[in-house]
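**Q** Sharing a structure, written as structure tokens. Questions coming.
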Amino acid sequence: MLRRTFFCLLLTISLRLSAQPTMEYYRDFVGRYESTRISTVFEALQAATSGEQRDAIVFLYAYMAWPDVLNYPADFYLKQTAASVRARHATAWAASVPDREWFHFVLPIRVNNEHLDRFRELYYDELAARVKGLSMAEAALEVNHWCHEHLTYQPSDARTSSPLTSLKTATGRCGEESTLTVAALRAVGIPARQVYTPRWAHTDDNHAWVEAWIDGKWHFMGACEPAPQLDVAWFNQPAARGMLMNTTVLGRYKGPEDVIVQKERQTTINVTENYAPVARAYVKVVDGKGTAVPDASVSFRLYNYAEFYPVFQTKTASDGTASMLAGRGDMIVWASKDGTYGFEKVSVGREDTVVVALSHRDGDAYETDLEIVPPPESNSLPVVDAKAQTACNKRLAEEDALRAKYVASFPTDKAIARFCHKYGYPSDRVIPLIHNSKGNYDSLFRMLAQWGQPTSLTFCGIRQEERIWLLDLLETLTEKDLRDLPEETVAGHMAVLESQELTDSLDLPLDDYGQMVRKYVLSPRIAMESLSDWRRAFCDSIPQDIRTMLRQHPTKVVDFVNMWPTLPTDESTRYINVWPERAARMLPIDSYSKQLFFVALARTVGLPARIDEVTGRVAYFADGWRTVEFEHKEVGAKVDAAGLKLAFAPTDVVTNPKYYTHFTLCRLENGQPQLLEYPEEATCESTFQSGAPVEKGNYFLISGTRLASGSVLAHVSAFALRHDTTVSLQLNRDDRKVSVIGSYNAENLYYDIESGAEKSVLSTTGRGFFVVGLLKASDEPSTHLLHDLEQEKEALEAWGRTILLLFPNEADYKAFENRRSEYPNLPKNVRFGIDLNGASVADVLANEWVRAKQLPAIVVADSFNRIVFGVQGYTIGIGSQLRRVISQL
């Protein structure tokens with residue numbers, strides 16, 4: 001009956017399609033589902049209450065990522081599409097949005113890799129009330145103020161929180177800020193999209209923001225960072241130096257922008273020329289004889305975080321050529337085919353076609369130096385009315401106060417300690433968990449109370465109290481997990497422990513036993529996926545005797561998972577996965593979901609398993625870690641490793657190079673580099689000085705020194721690792737003497753926070769060199785600058801000279817003071833003040849090296865009024881640049 005009704009619905013759709021041949025998404029829907037008979041699709045179509053809602057359902061199911069098709073019920077999409085249709089008819093400007101913009105930029109629920117939630121449905125009334133009676137442009141600005149009222153910037157990991165979680169958390173990285181803002185704009189019918197630069201060229205970071213379609217034209221905004229008008233943000237200047245800014249659109253988008261990737265379900269468009277001068281970079285790939293190579297893999301890469309990060313990938317045409325529209329700076333072009341590869345620097349807009357010869361093979365040993373220059377700085381900034389900016393600043397302060405009041409309601413250490421005393425928990429373990437959970441603290445309290453009895457149980461041969469098992473589980477999770485952790489998910493994982501089925505010990509090394517059980521059996525966290533209740537689902541659906549067999553014969557787990565059909569690579573989406581319990585339906589799943597499915601199943605039966613954090617390889621533990629490559633005949637091979645030492649001679653600037661800041665290591669396979677993702681705290685000394693165990697193979701070591709101009713002095717070396725090996729780590733440097741680049745009046749007055757009096761800069765710093773930083777209250781570039789100073793705390797304190805950080809006014813300082821606790825490790829020689837009458841700001845920004853009158857700015861100056869170093873605007877790694885400069889003074 002179900003199949004018959006589904007066929008009737010498809011027949012109806014086919015008739016509608018024949019009557020309206022331009023409705024491409026109907027054809028794509030039929031082509032995707034006519035043979036799958038997925039029940040949720042049938043339910044959604046059957047329950048649609050209007051033709052308009054049915055169109056929306058068809059469009060979403062035609063193009064949404066496969067995990068979204070399988071993970072969420074029909075009722076979820078029915079409610080979201082109903083909310084979208086409602087918003088479309090609520091205002092005159094929403095009703096005027098053309099179908100193209102509405103389907104692609106209002107209707108879609110997903111923005112990034114977030115867990116989908118009911119934000120649009122739950123917050124429509126509140127947002128609609130805020131924009132009532134406003135023009136479309138005014139409404140967009142007002143929505144951004146609402147978002148800032150609830151969320152402010154704070155760095156975090158790459159998994160994007162959902163809008164509802166972000167509201168509960170009150171902080172988020174730019175990806176979360178822009179996800180919330182896009183969701184809020186779409187909720188009231190304003191087309192919106194998340195625009196991002198995968199990596200900047202001039203500094204080690206990336207960024208995401210928002211574009212809104214207003215009365216026929218796209219405009220940008222800093223997400224959760226309101227400005228008095230559209231197209232104004234702190235990143236005006238950095239974006240003018242960008243080399244690629246793009247956005248990914250659901251479906252086959254046919255707008256006017258430059259399409260750089262067209263897939264069956266989504267379109268990636270290049271919007272760089274909206275922000276920066278651009279040109280087309282042309283390359284030609286040839287073999288060792290100079291003959292053009294068609295169908296070679298080509299990736300355009302930016303030096304960022306000490307790697308050549310791929311921002312665009314394509315294939316060569318029949319004549320061996322490929323191209324990309326990009327900003328006017330230097331890129332690395334990497335080409336490969338059939339195990340051969342080559343790379344060259346391309347200066348976009350400054351040279352003709354660059355020839356890339358496939359002159360290397362995996363295992364070749366060589367070294368080379370590169371100087372990589374980003375696009376030049378720009379001084380083109382929009383003019384903002386002073387009165388409008390003052391009014392906006394007043395609103396920002398009010399919104400900061402509202403958010404701060406909410407955050408102040410989170411539990412104190414004393415309150416958490418009282419809870420721990422009541423339920424018998426160690427407070428030193430619980431306090432960090434509650435603080436990291438932020439607004440989700442009530443959920444954690446309920447979980448902890450539920451398992452607060454001193455009942456003991458045995459799991460994988462370890463016997464301890466049930467409540468301690470819960471702490472062990474929670475401590476394997478990320479801070480972000482604690483902020484959106486579903487209680488039912490924890491209940492499911494704990495319920496399996498309570499069944500006490502895994503009472504026998506695992507065959508693990510004694511010194512690693514507890515860590516292995518907690519991290520690779522107990523933990524529900526596998527990679528960057530959304531957490532779900534897979535352990536209980538597997539125990540309910542797979543008989544105990546089968547689970548025991550799988551545990552005793554690990555290769556059977558691989559065979560079991562290999563029965564699942566795999567979707568084409570084009571359908572795979574990193575960080576969006578089919579939840580393991582949904583994957584058990586035997587429907588086709590993408591390769592990433594299959595990896596997670598394997599690890600979840602292995603852990604459920606008591607077999608330690610992981611996706612290796614460094615290499616990304618799937619592995620299980622059976623007398624050593626054994627790799628898994630699905631659909632390959634050889635499964636369970638032991639990881640064959642050798643010791644890799646990196647030899648580095650400390651300099652007066654860098655004594656212990658940091659991974660991602662100074663160097664990275666890539667594994668070369670079939671001519672393609674794959675980054676080894678060591679933890680951010682990894683250094684040459686801590687990880688490689690004694691010989692890191694690295695899988696034998698071929699490698700590519702990249703190191704670099706970022707200069708104040710944004711240019712990079714890079715060094716690369718390729719080598720084969722067949723046995724314990726020592727490789728030299730080289731950091732190139734610019735040995736030119738520090739020179740005077742401008743002037744700063746050391747007699748400028750400021751209000752000193754510490755003494756509560758007006759003082760001159762010179763009276764605080766004394767004679768000699770000092771640092772003056774000019775900050776804004778809480779914008780992202782100023783936040784990065786403060787964190788950069790924290791990272792170089794030891795070196796800056798050892799220097800001993802004054803680091804004076806000035807805010808433009810009292811309101812900005814008070815806003816910073818509300819967030820002072822976010823910067824606990826600032827150097828002791830940092831002092832704070834308020835720039836009286838804007839004297840220091842005017843003085844610094846008047847220098848010739850300053851391209852735009854924009855904060856933050858930081859200078860190294862002396863009591864002779866000379867500036868010897870200066871950085872202005874958005875720059876990552878200022879702390880290490882200061883270290884380099886002061887070492888030469």
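Just so we're on the same page: first chain in the structure tokens is A, next is B, and so on; residues restart at 1 for each chain, and ligands are numbered from 1 in the order they show up.
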Tell me which protein, DNA and RNA residues are within 10 Å of range 109-119 of chain A, counting only C-alpha atoms, leaving out same-chain ones fewer than 2 positions away, and put them as a PyMOL selection string.
**A** chain A and resi 60+64-65+68+71-72+76-77+79-81+84+105-107+121-124+158-165+167+175-176+178-184+186-187+192-194+248-250+484+528-531+573-577
**Q** If you run DSSP over the backbone, which residues in range 716-806 of chain A end up alpha helix (DSSP H)? Put them as a list in words.
**A**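 Checking each residue of range 716-806 of chain A, the alpha helix (DSSP H) ones are Val761, Leu762, Ser763, Thr764, Thr765, Glu780, Pro781, Ser782, Thr783, His784, Leu785, Leu786, His787, Asp788, Leu789, Glu790, Gln791, Lys793, Glu794, Ala795, Leu796, Glu797, Ala798 and Trp799 of chain A.
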**Q** Within 9 Å of Ile38 in chain A, counting only C-alpha atoms, which residues show up once you throw out same-chain ones fewer than 4 positions away? Write them as a VMD selection string, please.
**A** chain A and resid 33 42 69 to 70
**Q** Run DSSP on the backbone and tell me which residues of range 248-441 of chain A come out as strand (DSSP E); list them as number ranges by chain.
**A** A: 248-250, 258-262, 266-270, 278-286, 297-304, 307-315, 321-327, 330-337, 340-347, 354-357, 360-361, 366-372
**Q** Within 7 Å of range 769-780 of chain A, counting only C-alpha atoms, which residues show up once you throw out same-chain ones fewer than 5 positions away? Write them as a list in words, please.
**A**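 Close residues of range 769-780 of chain A: Tyr153, Arg801, Thr802, Ile803, Leu804, Leu805, Leu806, Phe807, Asp812, Tyr813, Ala815, Phe816, Val841, Leu855, Pro856, Ala857, Ile858, Val859, Val860, Ala861, Asp862 and Ser863 of chain A.
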**Q** Need to verify the contact set: Asp400 in chain A, 7 Å, only C-alpha atoms, exclusion of same-chain residues closer than 4 positions in sequence. Can you return it as a list in words?
**A** Glu149, Leu396 and Ala404 of chain A
**Q** Calculate how many Å separate CA of Glu225 in chain A from CA of Gln154 in chain A, rounding to one decimal.
**A** 12.7 Å
